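Accompanying notes for the structure given below.
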Amino acid sequence: MGMIRNVHFKSSAARNSPAVAVLARAPAVSRVHRFRVQPGNAQAAARLHAVKKVPSTEAAELLASGQHYLDVRTPEEYADGHAVGAVNVPLLIKDPQGQMVPNPDFLQQVQQAFPDKAAEMVVGCRSGGRAARAAGLLEQDLQYTGVTQDTGGWLDWVEAQLPITK
């Protein structure tokens with residue numbers, strides 16, 4: 001069984017929830033992302049870990065085989081370069097003060113861009129964090145079934161010299 005380290009809980013109910021047991025059994029990951037565990041949310045935690053994860057080189061192969069690529073970076077990041085054929089729907093946007101805030105229209109925009117919930121798609125960002133959150137939202141909130149996360153994101157995509165465009 002894996003260990004959960006550096007996790008802070010707001011209540012003992014959250015600490016002792018079934019979701020924590022699911023997370024404890026999950027394989028170790030190289031990067032730690034914030035994950036808010038709510039009491040009674042074990043199924044959501046299990047689905048988050050059910051998202052297929054691949055490195056950027058494998059994501060490029062999936063894209064070449066006909067899968068869609070959802071780039072969840074900001075429009076500015078996307079404009080600087082992106083995977084060939086990628087569709088940009090930012091998970092976060094800048095507010096008037098320049099702070100990054102959740103895109104309130106994210107789920108609706110994804111549904112407009114990808115109306116088929118069974119469509120095979122790779123979700124990527126700069127380095128993997130936003131893609132992990134977005135992939136979880138697509139599976140949990142929209143019930144998309146063909147979601148794969150590009151764990152390396154744009155940084156690994158460029159390093160591997162995979163096809164890009166501006």
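Starting from 1 in every chain, residues are counted up; chains themselves are A, B, ... following the order of the structure tokens, and ligands are numbered from 1 as listed.
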So that I can check the surroundings of Gln149 (chain A), please list as a VMD selection string every protein, DNA and RNA residue that reaches within 8 Å of it, counting only C-alpha atoms and ignoring chain neighbours fewer than 4 positions away. chain A and resid 51 to 54 122 to 124 128 131 to 132 135
In Å, how far is it from CA of Gly66 (chain A) to CA of Gly146 (chain A)? 12.6 Å
Fewer than 4 positions away in the same chain doesn't count, so skip those; otherwise give me all residues within 12 Å of region 102-112 of chain A, counting only C-alpha atoms, as a VMD selection string. chain A and resid 68 to 75 87 to 95 116 to 119 121 123 130 133 to 144
Asp80 (chain A) surroundings by only C-alpha atoms, 12 Å radius, close-in-sequence under 6 positions cut, as a list in words: Arg73, Thr74, Arg126, Trp154, Val158, Ile164, Thr165 and Lys166 of chain A
Could you check which of A:Val101, A:Val147, A:Leu162, A:Ala79 is closest to Ala64 (chain A), using only C-alpha atoms?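 Once distances to Ala64 (chain A) are computed over only C-alpha atoms, the minimum belongs to A:Leu162.
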Could you jot down the CA of Gly152 (chain A) to CA of Ala60 (chain A) separation for me, Å, one decimal place? 11.3 Å
I need the residues in region 32-141 of chain A that are alpha helix (DSSP H) according to DSSP; give them as a ChimeraX atom specification. /A:42-50,56-64,75-79,106-113,129-141
Selected residues written out, N, CA and C atoms, as a CSV table (one decimal), in the first residue's frame:
```
chain,number,residue,atom,x,y,z
A,42,ALA,N,-15.2,9.0,-2.6
A,42,ALA,CA,-14.3,7.9,-3.0
A,42,ALA,C,-14.4,7.6,-4.5
A,43,GLN,N,-15.6,7.5,-5.0
A,43,GLN,CA,-15.8,7.2,-6.4
A,43,GLN,C,-15.1,8.2,-7.3
A,44,ALA,N,-15.2,9.5,-7.0
A,44,ALA,CA,-14.6,10.5,-7.8
A,44,ALA,C,-13.1,10.4,-7.7
A,45,ALA,N,-12.6,10.1,-6.6
A,45,ALA,CA,-11.1,9.9,-6.4
A,45,ALA,C,-10.7,8.7,-7.3
A,46,ALA,N,-11.4,7.6,-7.3
A,46,ALA,CA,-11.1,6.4,-8.1
A,46,ALA,C,-11.1,6.8,-9.5
A,47,ARG,N,-12.1,7.6,-10.0
A,47,ARG,CA,-12.2,7.9,-11.4
A,47,ARG,C,-11.0,8.8,-11.8
A,48,LEU,N,-10.6,9.7,-10.9
A,48,LEU,CA,-9.4,10.5,-11.3
A,48,LEU,C,-8.2,9.7,-11.6
A,49,HIS,N,-8.0,8.6,-10.8
A,49,HIS,CA,-6.9,7.8,-11.0
A,49,HIS,C,-7.1,6.8,-12.1
A,50,ALA,N,-8.3,6.7,-12.7
A,50,ALA,CA,-8.6,5.8,-13.8
A,50,ALA,C,-8.2,6.5,-15.1
A,56,SER,N,4.5,12.3,-23.5
A,56,SER,CA,4.3,13.1,-24.7
A,56,SER,C,4.6,12.4,-26.0
A,57,THR,N,5.6,11.5,-26.0
A,57,THR,CA,5.9,10.8,-27.2
A,57,THR,C,4.8,9.9,-27.6
A,58,GLU,N,4.1,9.2,-26.6
A,58,GLU,CA,3.0,8.3,-26.8
A,58,GLU,C,1.8,9.2,-27.2
A,59,ALA,N,1.6,10.3,-26.6
A,59,ALA,CA,0.5,11.2,-26.9
A,59,ALA,C,0.6,11.6,-28.4
A,60,ALA,N,1.8,11.9,-28.9
A,60,ALA,CA,2.0,12.3,-30.3
A,60,ALA,C,1.5,11.1,-31.2
A,61,GLU,N,1.8,9.9,-30.8
A,61,GLU,CA,1.4,8.7,-31.6
A,61,GLU,C,-0.1,8.6,-31.6
A,62,LEU,N,-0.7,8.9,-30.5
A,62,LEU,CA,-2.2,8.8,-30.4
A,62,LEU,C,-2.8,9.9,-31.3
A,63,LEU,N,-2.2,11.1,-31.3
A,63,LEU,CA,-2.7,12.2,-32.1
A,63,LEU,C,-2.5,11.8,-33.6
A,64,ALA,N,-1.4,11.2,-33.9
A,64,ALA,CA,-1.2,10.7,-35.3
A,64,ALA,C,-2.1,9.7,-35.8
A,75,PRO,N,-4.7,31.0,-23.7
A,75,PRO,CA,-4.6,31.4,-25.2
A,75,PRO,C,-3.2,31.9,-25.5
A,76,GLU,N,-2.6,32.6,-24.6
A,76,GLU,CA,-1.3,33.2,-24.8
A,76,GLU,C,-0.2,32.1,-25.0
A,77,GLU,N,-0.3,31.1,-24.1
A,77,GLU,CA,0.6,29.9,-24.2
A,77,GLU,C,0.4,29.2,-25.5
A,78,TYR,N,-0.9,29.0,-25.8
A,78,TYR,CA,-1.2,28.2,-27.0
A,78,TYR,C,-0.7,29.0,-28.3
A,79,ALA,N,-0.8,30.3,-28.3
A,79,ALA,CA,-0.4,31.1,-29.4
A,79,ALA,C,1.1,31.0,-29.6
A,106,PHE,N,-15.3,26.5,-19.0
A,106,PHE,CA,-14.5,25.4,-19.5
A,106,PHE,C,-15.3,24.2,-19.9
A,107,LEU,N,-16.2,23.7,-19.1
A,107,LEU,CA,-16.9,22.4,-19.4
A,107,LEU,C,-17.8,22.7,-20.6
A,108,GLN,N,-18.5,23.8,-20.7
A,108,GLN,CA,-19.4,24.1,-21.8
A,108,GLN,C,-18.5,24.2,-23.1
A,109,GLN,N,-17.4,24.8,-23.1
A,109,GLN,CA,-16.5,25.0,-24.3
A,109,GLN,C,-16.0,23.6,-24.7
A,110,VAL,N,-15.7,22.8,-23.8
A,110,VAL,CA,-15.2,21.4,-24.2
A,110,VAL,C,-16.4,20.7,-24.9
A,111,GLN,N,-17.6,20.8,-24.3
A,111,GLN,CA,-18.7,20.1,-24.9
A,111,GLN,C,-19.0,20.6,-26.3
A,112,GLN,N,-18.8,21.9,-26.5
A,112,GLN,CA,-19.0,22.4,-27.9
A,112,GLN,C,-17.9,22.0,-28.8
A,113,ALA,N,-16.7,21.9,-28.4
A,113,ALA,CA,-15.6,21.4,-29.2
A,113,ALA,C,-15.6,19.9,-29.5
A,129,GLY,N,0.1,19.4,-14.8
A,129,GLY,CA,-0.9,19.7,-13.7
A,129,GLY,C,-2.3,20.0,-14.1
A,130,ARG,N,-2.4,21.0,-15.0
A,130,ARG,CA,-3.7,21.4,-15.5
A,130,ARG,C,-4.4,20.3,-16.3
A,131,ALA,N,-3.6,19.6,-17.0
A,131,ALA,CA,-4.1,18.5,-17.8
A,131,ALA,C,-4.7,17.4,-16.9
A,132,ALA,N,-4.1,17.1,-15.8
A,132,ALA,CA,-4.6,16.2,-14.8
A,132,ALA,C,-5.9,16.6,-14.3
A,133,ARG,N,-6.0,17.9,-13.9
A,133,ARG,CA,-7.3,18.4,-13.4
A,133,ARG,C,-8.4,18.4,-14.4
A,134,ALA,N,-8.0,18.8,-15.7
A,134,ALA,CA,-9.0,18.9,-16.7
A,134,ALA,C,-9.5,17.5,-17.1
A,135,ALA,N,-8.6,16.5,-17.2
A,135,ALA,CA,-9.0,15.1,-17.5
A,135,ALA,C,-9.9,14.6,-16.5
A,136,GLY,N,-9.7,14.9,-15.2
A,136,GLY,CA,-10.6,14.5,-14.1
A,136,GLY,C,-11.9,15.1,-14.3
A,137,LEU,N,-12.0,16.4,-14.6
A,137,LEU,CA,-13.3,17.1,-14.8
A,137,LEU,C,-14.0,16.5,-15.9
A,138,LEU,N,-13.3,16.2,-17.0
A,138,LEU,CA,-14.0,15.6,-18.2
A,138,LEU,C,-14.7,14.3,-17.9
A,139,GLU,N,-13.9,13.4,-17.1
A,139,GLU,CA,-14.5,12.1,-16.8
A,139,GLU,C,-15.6,12.3,-15.7
A,140,GLN,N,-15.3,13.1,-14.7
A,140,GLN,CA,-16.2,13.1,-13.5
A,140,GLN,C,-17.5,13.9,-13.9
A,141,ASP,N,-17.3,15.1,-14.4
A,141,ASP,CA,-18.5,16.0,-14.6
A,141,ASP,C,-19.2,15.8,-15.9
```
Using only C-alpha atoms, find the one residue out of A:Gln67, A:Glu120, A:Pro96, A:Ser127 that sits nearest to Val84 (chain A).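 Result for the nearest residue to Val84 (chain A): A:Gln67.
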Rounded to one decimal, what separation in Å do you get between CA of Trp157 (chain A) and CA of His82 (chain A)?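 Separation between CA of Trp157 (chain A) and CA of His82 (chain A): 8.9 Å.
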Find, counting only C-alpha atoms, the residue in A:Cys125, A:Ala86, A:Ser65, A:Gly98 that gets nearest to Thr151 (chain A). A:Cys125
From A:Met100, A:Leu155, A:Ala160, A:Asp150, residue lying nearest Pro55 (chain A) [only C-alpha atoms]: A:Asp150
